[in-house]
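Enquirer: Here it is: the structure, laid out below.
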Amino acid sequence: MVGSWSIEARSGARSADKSIQPAPEGRGFTGVTGLFRAYARHRVRQLEAQPPAQTQERQLLSIVNKAAGTRFGRDHGFDRIASVADYQARVPLRVYDDFWNAYWKDAFPHLDNVTWPGLVEYFAVSSGTSTGNLKYIPCTKAMVRSNYKAASDVLVHHLVNRPRSRMLSGKTFVFGGSTDLVEQAPGVYSGDMSGIAAKHRAWWARPFYFPPKGETRFVEWEDKMAYLGPRSLEQDIRAMTGGCNWLLLFFEHLATMRPDLGERIVDFYPEMEILVHGGVSLAPYRQRFEELLEGSHAEMRETYPASEAFVAVADRGPGEGLRMVLDHGVFYEFVPLEELASPNPTRHWVGNLEPGIDYAIVVSSCAGLWSYIIGDVVRFVDASTPRLLVTGRTAYYLTTFGEHVTGELLESSLIASAKAQGLNISEFSVGTEVFEEKGGLGRHVHVIEFREGLLNPKQIEAMTESVDRTLAERNEDYRERRAVAGGILPPVIVAAAPGAFNNWMKSRGKLGGQNKVPRVIGDWTTFDDLLRFVESYNATTRAAGKGPDGTAAA
C-alpha cells in the first residue's frame with residue numbers, strides 16, 4: 001500500500017448487509033467525485049512543486065501585512081517587517097495567558113481589530129488537558145477556510161492512495177464534539193471546533209455527512225453514542241473521523257448494543273474505507289484497532305488538527321511522519337524543548353529546522369495568534385518536505401527531579417514494559433509524588449488501566465520493575481537519579497479497573513469530544529482526584545463481584 005498509515009485486513013470484508021443501501025451513484029455523485037479527483041491531481045502536483053521555506057515566508061508576510069493596522073500589529077511594528085528575521089526580532093513568544101491578559105480579556109467577547117482585522121466571530125473552546133482551565137481561542141472566518149483547506153488534504157492523500165475509492169458514494173461519520181454554539185455576544189459564538197466547522201459546511205457537502213444538521217448537539221457523550229449508534233447502522237458509512245480513544249469507546253458501545261452483528265468494524269460498516277484520527281497517540285490503542293479492523297478493507301490515516309491550526313496530514317506509511325500543510329495562512333516556528341523555559345530560546349522555522357529534535361511548536365495565524373506556543377511537541381523525520389511526528393505535550397514532561405523524561409519516552413516505555421509482561425494498556429496517567437519529610441525525595445506514580453483488568457500483587461511487582469528498568473535503559477538522566485541516594489525513589493504502579501478512566505473523565509465533564517486523558521498530570525490536586533477516584537472505583541468493582549476484567553464474575 002502506498003502513502004498511508006493503514007491496518008490492513010487479513011481476510012476479505014463481508015458483503016454489505018442488504019438492509020444497508022449504498023448511496024446511488026447518480027449524476028450528482030459522479031460530478032462531485034470527478035471534481036475531487038481532478039482537485040487531488042492538481043493538489044499533488046502543487047505539493048510536489050512547493051518550496052517549503054519560500055511558501056512559509058510568503059504566508060507569514062501575507063498575514064503580517066493584513067494585521068498591520070490592528071492593535072497588536074501597531075504595537076509590534078508590523079508595517080516594518082520584511083522577513084522572518086524581522087518578525088522574530090519584533091514579536092516575542094507568548095502563551096495563552098499572555099494574550100488573554102494583554103489583548104483579549106478586556107475586549108472579550110468583542111475582539112474587533114485587536115489581533116486580527118475585523119470582528120472575531122468565533123472562539124474555539126479548548127480545555128487544558130492537564131489543568132482543565134477553559135481557553136477561548138480566536139477562530140476567524142479566514143481560519144475556518146484555512147482548516148477546510150488543510151482537511152481537504154486528507155481526501156487528496158486518500159484518493160492518491162486509493163485511485164478507485166468509492167468513499168463519496170457513501171457518507172462520512174463525523175464523530176466529534178457538540179455542534180451547539182454559545183452566543184457570547186450578538187454575532188459572536190463559542191464552542192467546539194467541530195461545531196464551528198459544521199456551521200460553515202458547504203451546502204453541497206452536507207448530504208455526504210452523518211449525522212445530519214440538528215442531530216449533533218449532544219453534550220453528554222453517552223447520549224450521543226446511544227442516539228447516533230443505531231442510526232449510523234442504517235447508513236452507508238464509508239469514512240469516520242474522531243479521536244482514536246473515543247472511536248474505540250464508540251465501537252465497544254456498538255458491540256454491546258448490537259451483539260448480534262459482531263464486534264468488528266466490518267460488521268457494523270462493511271464498506272468503510274478510512275478512519276481518520278488525530279489529537280491522541282494511537283500507540284496505546286493500536287492492538288485493539290488491529291483486532292477491530294480484522295476483515296475490513298479500511299485504512300487509518302492520522303491527522304494533526306489543533307484548536308489553533310490544522311497542522312499536518314499523513315501522506316505516507318507508519319513512522320514516516322505527517323506532511324505539514326504550509327500554504328493555508330499559518331506560519332510555524334519550532335523551539336527546542338530543552339530551551340523552552342530559557343529567557344532567550346532559539347527559534348527555528350521551516351527554513352532551518354533539524355530532524356530528530358524535540359520541538360515545542362509555535363503558531364502565527366490568520367486567526368490573530370502571533371508566535372503562540374500551543375503546547376504540543378513535535379519531531380521531524382524529514383526536514384526537506386517537511387514531515388513530523390507528534391511526540392507529546394510540553395506539559396507531558398517529567399522533570400521534577402531532573403530526570404527529563406518526555407511524554408513519548410514515557411508512553412513507549414510503559415507499552416514495552418506491559419508487552420514484556422504479556423499485558424495491554426488501555427489508558428494511563430503519570431504524576432509525581434514528593435515527600436517533604438524525606439528531604440524532597442519523591443517518585444513517579446503510574447496509574448494504569450490494563451485490558452486484562454486488575455492485576456494481582458505479583459503482576460504489579462513485575463510490571464513496576466519492568467517500567468523502572470526500561471526507563472533507566474532508555475534515559476540516562478532517569479538512570480543516574482535512580483542510582484543515587486538523593487535521586488528518585490522506586491516508582492509505584494496503581495492498577496485501575498476497566499472503565500476507570502472513562503468514568504473519571506465523565507465525573508469531570510470531559511468524556512468524549514476534544515477532551516483527552518492527560519498522560520502526565522503536574523497538578524497534584526488533579527492527580528490526587530484521579531487516585532481517589534480509582535481507589536473508589538476499584539472498590540466498587542470488587543464489591544460488585546466483577547472479575548478482573550470488569551465483567552461479572554462467573
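Residue numbering restarts at 1 for every chain of the C-alpha cells, chains are lettered A, B, ... in their displayed order, and ligands are numbered from 1 as they appear.
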Could you name the residues that touch Val390 in chain A at 12 Å or less, counting only C-alpha atoms, but leaving out those on the same chain fewer than 5 positions away, as a PyMOL selection string?

Expert: chain A and resi 278-283+302-306+311-314+319-324+356-361+375-381+406-408

Enquirer: Tell me, as a compact mmCIF listing (two decimals) with N, CA, C and O atoms, in the first residue's frame, which residues lie within 7 Å of range 470-476 of chain A, counting only C-alpha atoms; anything in the same chain fewer than 3 positions away does not count.

Expert:
# COMPACT_ATOMS: atom_id res chain seq x y z
N SER A 413 7.85 3.43 26.83
CA SER A 413 8.41 2.59 27.88
C SER A 413 7.32 1.80 28.60
O SER A 413 7.50 0.61 28.90
N SER A 417 7.02 -2.23 28.47
CA SER A 417 7.04 -2.97 29.73
C SER A 417 5.81 -3.86 29.85
O SER A 417 5.90 -5.01 30.30
N SER A 466 9.74 -3.72 35.65
CA SER A 466 9.97 -3.58 34.21
C SER A 466 9.95 -2.12 33.78
O SER A 466 10.80 -1.68 32.99
N VAL A 467 9.00 -1.34 34.29
CA VAL A 467 8.92 0.08 33.96
C VAL A 467 10.17 0.81 34.44
O VAL A 467 10.78 1.62 33.69
N ARG A 479 18.24 7.17 34.85
CA ARG A 479 19.11 6.12 35.39
C ARG A 479 20.03 6.68 36.47
O ARG A 479 20.19 6.06 37.53
N GLU A 480 20.59 7.86 36.22
CA GLU A 480 21.50 8.46 37.20
C GLU A 480 20.78 8.82 38.49
O GLU A 480 21.30 8.59 39.59

Enquirer: Which residue is closest to Trp246 in chain A? Choose from A:Gly191, A:Gly262, A:Gly176, A:Gly34 and count only C-alpha atoms.

Expert: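 For Trp246 in chain A, the nearest of the candidates is A:Gly176.
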
Enquirer: Can you tell me, as a tab-separated table (two decimals) with N, CA, C and O atoms, in the first residue's frame, what residues are no more than 8 Å from Leu159 in chain A when counting only C-alpha atoms, ignoring any on the same chain fewer than 4 positions away?

Expert:
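What landed in around_5.tsv:
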chain	number	residue	atom	x	y	z
A	37	ARG	N	-11.41	14.24	-7.70
A	37	ARG	CA	-10.27	13.55	-8.30
A	37	ARG	C	-9.39	14.56	-9.06
A	37	ARG	O	-8.16	14.49	-9.00
A	40	ALA	N	-7.55	16.56	-6.50
A	40	ALA	CA	-6.49	15.78	-5.89
A	40	ALA	C	-5.26	15.75	-6.78
A	40	ALA	O	-4.12	15.91	-6.31
A	155	LEU	N	-8.52	13.95	2.10
A	155	LEU	CA	-9.16	13.30	0.95
A	155	LEU	C	-8.20	13.20	-0.23
A	155	LEU	O	-8.18	12.20	-0.94
A	163	PRO	N	-6.93	5.01	-5.81
A	163	PRO	CA	-7.44	5.64	-7.06
A	163	PRO	C	-8.86	5.22	-7.40
A	163	PRO	O	-9.57	5.96	-8.07
A	164	ARG	N	-9.26	4.02	-6.96
A	164	ARG	CA	-10.60	3.54	-7.26
A	164	ARG	C	-11.53	3.70	-6.06
A	164	ARG	O	-12.54	3.00	-5.93
A	165	SER	N	-11.20	4.63	-5.19
A	165	SER	CA	-12.00	4.86	-3.99
A	165	SER	C	-13.47	5.16	-4.33
A	165	SER	O	-13.76	5.88	-5.28

Enquirer: I'd like to know which of A:Phe251, A:Trp524, A:Phe401, A:Phe331 is closest to Ile488 in chain A, using only C-alpha atoms.

Expert: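 Looking at the shortest contact to Ile488 in chain A, the residue is A:Phe401.
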
Enquirer: Looking at only C-alpha atoms, which of A:Ser364, A:Asn161, A:Thr55, A:Asn133 is the one that sits closest to Arg41 in chain A?

Expert: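 Using only C-alpha atoms, Arg41 in chain A sits closest to A:Asn161.
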